[in-house]
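Student: Can you read through this structure? Questions will come right after.
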Amino acid sequence: MRVDGPLIFDLASVRKSVSVEIRVTPNVAYADGYPRENGIAGGWIRPEDLDNYTDLIDVIEFEDVNKHKEQALYRIYIEEKEWDGDLKDLITNLNYPGVNRMIDPKISMTRKDCKQSCMRGGICRLCKTMLDLASPELYKEKNETIQR
């Protein structure tokens with residue numbers, strides 16, 4: 001079974017409920033065909049966070065790839081387990097900037113169990129805030145303000 005949002009945000013419950021192989025596509029924000037403004041709340045997973053899902057998923061698949069891009073994604077997600085650049089350059093349909101190396105891993109792991117409350121009327125805006133804080137422009141602006 002291939003899992004995307006909202007189930008990817010509650011994989012522990014999914015794992016308990018099914019006895020089939022669970023597959024995820026970490027490099028795609030959404031793949032259901034419904035257009036979204038930016039994909040922030042999508043089912044993407046950062047390379048640094050993938051190891052935290054090992055007890056919950058059986059297979060990862062890469063989509064929106066050719067042979068060279070798939071090799072690069074394999075290297076980034078499986079071998080190096082990190083991405084220093086902008087997440088929107090790594091994640092298909094994530095149309096929002098956020099430099100991955102500036103993201104706090106503890107904050108990003110909150111997504112794993114959030115049950116996508118932001119899409120069910122909740123007040124959580126953690127994903128957007130996390131990406132906003134991972135902005136070099138914001139950092140530069142705040143740093144200049146502090147130095148004044």
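Simple scheme: letters A, B, ... for chains in structure tokens order, numbers from 1 for residues in each chain, numbers from 1 for ligands in the order shown.
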Write down as an mmCIF file with N, CA, C and O atoms, in the first residue's frame the residues belonging to segment 5-102 of chain A that are assigned strand (DSSP E or B) by DSSP computed on the backbone.
Tutor:
data_model
loop_
_atom_site.group_PDB
_atom_site.id
_atom_site.type_symbol
_atom_site.label_atom_id
_atom_site.label_comp_id
_atom_site.auth_asym_id
_atom_site.auth_seq_id
_atom_site.Cartn_x
_atom_site.Cartn_y
_atom_site.Cartn_z
ATOM 1 N N ARG A 23 4.521 1.596 1.556
ATOM 2 C CA ARG A 23 5.442 2.279 0.649
ATOM 3 C C ARG A 23 5.202 3.779 0.732
ATOM 4 O O ARG A 23 4.064 4.219 0.845
ATOM 5 N N VAL A 24 6.287 4.558 0.647
ATOM 6 C CA VAL A 24 6.165 6.019 0.633
ATOM 7 C C VAL A 24 7.024 6.588 -0.490
ATOM 8 O O VAL A 24 7.956 5.949 -0.961
ATOM 9 N N VAL A 28 8.136 13.612 -3.154
ATOM 10 C CA VAL A 28 6.972 14.243 -3.772
ATOM 11 C C VAL A 28 6.062 14.784 -2.670
ATOM 12 O O VAL A 28 5.706 14.057 -1.742
ATOM 13 N N VAL A 59 9.169 0.247 2.095
ATOM 14 C CA VAL A 59 9.788 0.591 0.816
ATOM 15 C C VAL A 59 9.664 2.089 0.579
ATOM 16 O O VAL A 59 8.619 2.680 0.869
ATOM 17 N N ILE A 60 10.733 2.694 0.048
ATOM 18 C CA ILE A 60 10.598 4.051 -0.465
ATOM 19 C C ILE A 60 10.729 3.982 -1.984
ATOM 20 O O ILE A 60 11.477 3.163 -2.512
ATOM 21 N N ASP A 86 18.034 23.945 -0.922
ATOM 22 C CA ASP A 86 16.628 24.306 -0.785
ATOM 23 C C ASP A 86 15.772 23.057 -0.994
ATOM 24 O O ASP A 86 15.973 22.318 -1.957
ATOM 25 N N THR A 92 9.444 17.351 -5.337
ATOM 26 C CA THR A 92 8.508 17.701 -6.396
ATOM 27 C C THR A 92 7.217 18.247 -5.793
ATOM 28 O O THR A 92 6.709 17.700 -4.812
ATOM 29 N N VAL A 99 15.682 26.382 3.153
ATOM 30 C CA VAL A 99 16.994 25.756 3.060
ATOM 31 C C VAL A 99 17.075 24.648 4.100
ATOM 32 O O VAL A 99 16.989 24.895 5.306
#
Student: Please determine, counting only C-alpha atoms, which residue among A:Leu87, A:Leu94, A:Ala41, A:Leu131 has the shortest atom-to-atom distance to Met119 of chain A.
Tutor: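 Using only C-alpha atoms, Met119 of chain A sits closest to A:Ala41.
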Student: Which residues in chain A does DSSP call alpha helix (DSSP H)? List them as a ChimeraX atom specification.
Tutor: /A:11-17,67-74,105-109,126-133,136-147
Student: Include N, CA, C and O atoms and write out the residues we just selected as a compact mmCIF listing (two decimals), in the first residue's frame.
Tutor:
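Generated file (result.txt):
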# COMPACT_ATOMS: atom_id res chain seq x y z
N LEU A 11 1.63 7.21 10.57
CA LEU A 11 2.08 5.88 10.13
C LEU A 11 2.05 4.83 11.24
O LEU A 11 1.88 3.65 10.95
N ALA A 12 2.20 5.24 12.47
CA ALA A 12 2.15 4.26 13.56
C ALA A 12 0.78 3.58 13.60
O ALA A 12 0.69 2.36 13.75
N SER A 13 -0.28 4.35 13.43
CA SER A 13 -1.63 3.78 13.40
C SER A 13 -1.84 2.93 12.15
O SER A 13 -2.47 1.87 12.21
N VAL A 14 -1.31 3.39 11.03
CA VAL A 14 -1.42 2.63 9.79
C VAL A 14 -0.72 1.28 9.94
O VAL A 14 -1.27 0.24 9.59
N ARG A 15 0.48 1.29 10.50
CA ARG A 15 1.26 0.07 10.68
C ARG A 15 0.50 -0.93 11.54
O ARG A 15 0.48 -2.12 11.26
N LYS A 16 -0.19 -0.46 12.58
CA LYS A 16 -0.96 -1.34 13.45
C LYS A 16 -2.20 -1.89 12.76
O LYS A 16 -2.68 -2.96 13.09
N SER A 17 -2.74 -1.15 11.79
CA SER A 17 -4.02 -1.48 11.18
C SER A 17 -3.94 -2.39 9.96
O SER A 17 -4.93 -3.00 9.59
N LYS A 67 16.54 8.41 -14.97
CA LYS A 67 17.58 7.57 -14.40
C LYS A 67 18.59 8.38 -13.58
O LYS A 67 18.96 7.99 -12.47
N HIS A 68 19.02 9.53 -14.09
CA HIS A 68 20.03 10.33 -13.40
C HIS A 68 19.48 10.95 -12.12
O HIS A 68 20.17 10.98 -11.10
N LYS A 69 18.25 11.43 -12.18
CA LYS A 69 17.64 12.02 -10.98
C LYS A 69 17.41 10.94 -9.92
O LYS A 69 17.63 11.17 -8.73
N GLU A 70 17.01 9.75 -10.34
CA GLU A 70 16.80 8.67 -9.38
C GLU A 70 18.12 8.28 -8.70
O GLU A 70 18.16 8.04 -7.50
N GLN A 71 19.20 8.25 -9.47
CA GLN A 71 20.51 7.96 -8.89
C GLN A 71 20.90 9.03 -7.88
O GLN A 71 21.44 8.73 -6.81
N ALA A 72 20.63 10.28 -8.21
CA ALA A 72 20.95 11.39 -7.29
C ALA A 72 20.11 11.28 -6.02
O ALA A 72 20.63 11.44 -4.91
N LEU A 73 18.82 11.01 -6.17
CA LEU A 73 17.95 10.87 -5.00
C LEU A 73 18.38 9.70 -4.14
O LEU A 73 18.37 9.79 -2.90
N TYR A 74 18.77 8.60 -4.73
CA TYR A 74 19.26 7.45 -3.97
C TYR A 74 20.50 7.84 -3.16
O TYR A 74 20.61 7.54 -1.97
N PRO A 105 16.08 19.49 13.16
CA PRO A 105 15.57 18.12 13.00
C PRO A 105 14.45 17.78 13.97
O PRO A 105 13.54 17.01 13.62
N LYS A 106 14.48 18.33 15.17
CA LYS A 106 13.41 18.04 16.14
C LYS A 106 12.08 18.58 15.64
O LYS A 106 11.05 17.94 15.80
N ILE A 107 12.12 19.76 15.05
CA ILE A 107 10.88 20.35 14.54
C ILE A 107 10.36 19.54 13.35
O ILE A 107 9.17 19.24 13.27
N SER A 108 11.25 19.16 12.45
CA SER A 108 10.79 18.43 11.27
C SER A 108 10.20 17.07 11.63
O SER A 108 9.31 16.58 10.96
N MET A 109 10.67 16.47 12.71
CA MET A 109 10.15 15.16 13.09
C MET A 109 8.75 15.24 13.70
O MET A 109 8.07 14.22 13.81
N LEU A 126 3.12 24.48 11.73
CA LEU A 126 4.52 24.17 11.98
C LEU A 126 5.33 24.05 10.69
O LEU A 126 6.44 24.58 10.61
N CYS A 127 4.81 23.37 9.69
CA CYS A 127 5.56 23.16 8.44
C CYS A 127 5.89 24.50 7.77
O CYS A 127 7.01 24.71 7.32
N LYS A 128 4.91 25.38 7.71
CA LYS A 128 5.15 26.69 7.10
C LYS A 128 6.15 27.49 7.93
O LYS A 128 7.09 28.08 7.39
N THR A 129 5.98 27.48 9.23
CA THR A 129 6.90 28.20 10.10
C THR A 129 8.31 27.64 9.99
O THR A 129 9.28 28.40 9.92
N MET A 130 8.41 26.32 9.94
CA MET A 130 9.71 25.65 9.81
C MET A 130 10.41 26.10 8.53
O MET A 130 11.60 26.43 8.55
N LEU A 131 9.69 26.15 7.43
CA LEU A 131 10.27 26.58 6.16
C LEU A 131 10.56 28.08 6.16
O LEU A 131 11.58 28.52 5.61
N ASP A 132 9.68 28.86 6.76
CA ASP A 132 9.93 30.31 6.85
C ASP A 132 11.21 30.60 7.63
O ASP A 132 12.00 31.46 7.25
N LEU A 133 11.42 29.88 8.71
CA LEU A 133 12.62 30.08 9.53
C LEU A 133 13.89 29.58 8.83
O LEU A 133 14.99 29.95 9.21
N PRO A 136 17.35 32.08 4.29
CA PRO A 136 18.55 32.92 4.46
C PRO A 136 18.21 34.41 4.46
O PRO A 136 18.85 35.18 5.17
N GLU A 137 17.19 34.80 3.72
CA GLU A 137 16.80 36.21 3.67
C GLU A 137 16.28 36.67 5.04
O GLU A 137 16.62 37.74 5.52
N LEU A 138 15.45 35.83 5.67
CA LEU A 138 14.93 36.17 6.99
C LEU A 138 16.07 36.22 8.00
O LEU A 138 16.14 37.14 8.83
N TYR A 139 16.97 35.27 7.94
CA TYR A 139 18.12 35.25 8.84
C TYR A 139 18.94 36.52 8.68
O TYR A 139 19.32 37.17 9.66
N LYS A 140 19.22 36.88 7.45
CA LYS A 140 20.01 38.09 7.17
C LYS A 140 19.28 39.33 7.70
O LYS A 140 19.89 40.19 8.35
N GLU A 141 17.99 39.41 7.45
CA GLU A 141 17.19 40.55 7.89
C GLU A 141 17.20 40.66 9.42
O GLU A 141 17.42 41.74 9.97
N LYS A 142 16.99 39.57 10.11
CA LYS A 142 16.95 39.58 11.58
C LYS A 142 18.33 39.87 12.16
O LYS A 142 18.47 40.57 13.14
N ASN A 143 19.37 39.34 11.53
CA ASN A 143 20.73 39.57 11.98
C ASN A 143 21.09 41.05 11.83
O ASN A 143 21.72 41.62 12.72
N GLU A 144 20.70 41.66 10.74
CA GLU A 144 20.95 43.09 10.54
C GLU A 144 20.21 43.94 11.56
O GLU A 144 20.74 44.93 12.07
N THR A 145 18.98 43.53 11.90
CA THR A 145 18.20 44.25 12.90
C THR A 145 18.88 44.17 14.25
O THR A 145 18.95 45.17 14.98
N ILE A 146 19.39 43.01 14.61
CA ILE A 146 20.05 42.82 15.90
C ILE A 146 21.32 43.65 15.99
O ILE A 146 21.64 44.20 17.04
N GLN A 147 22.04 43.76 14.89
CA GLN A 147 23.32 44.47 14.91
C GLN A 147 23.16 45.98 14.94
O GLN A 147 24.13 46.70 15.17
Student: Have a look at A:Ile45, A:Ile103, A:Met1, A:Cys118 and name the one nearest to Leu90 of chain A; count only C-alpha atoms.
Tutor: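 Looking only at the distances to Leu90 of chain A, the closest residue turns out to be A:Ile45.
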Student: With distances taken over only C-alpha atoms, which of A:Thr110, A:Ile91, A:Arg120, A:Arg36 is nearest to Asn52 of chain A?
Tutor: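 Smallest distance to Asn52 of chain A is found for A:Thr110.
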Student: Check which residues of segment 35-60 of chain A sit at most 10 Å from segment 76-82 of chain A using only C-alpha atoms, and return one row each with the closest pair of atoms and their distance in Å to one decimal, ordered by chain and rising number, as CSV.
Tutor:
residue,atom,partner,partner_atom,distance
A:Ile45,CA,A:Tyr77,CA,9.6
A:Arg46,CA,A:Glu82,CA,7.8
A:Pro47,CA,A:Tyr77,CA,4.6
A:Glu48,CA,A:Glu82,CA,5.1
A:Asp49,CA,A:Lys81,CA,8.2
A:Leu50,CA,A:Tyr77,CA,7.4
A:Asp51,CA,A:Lys81,CA,8.5
A:Ile60,CA,A:Tyr77,CA,9.7
Student: Which one is closest to Arg2 of chain A: A:Ile123, A:Ala134, A:Ala29, A:Ile57? Count only C-alpha atoms.
Tutor: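 Closest to Arg2 of chain A of all the choices is A:Ile57.
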Student: In Å, with one decimal, what is the gap from atom CA of Asp84 of chain A to atom CA of Asn38 of chain A?
Tutor: 20.4 Å
Student: I want to know what sits within 10 Å of Ala31 of chain A, based on only C-alpha atoms, with residues of the same chain fewer than 2 positions away left out; could you give that as a PyMOL selection string?
Tutor: chain A and resi 4-5+25+28-29+33-35+42-43+63-64+92-93
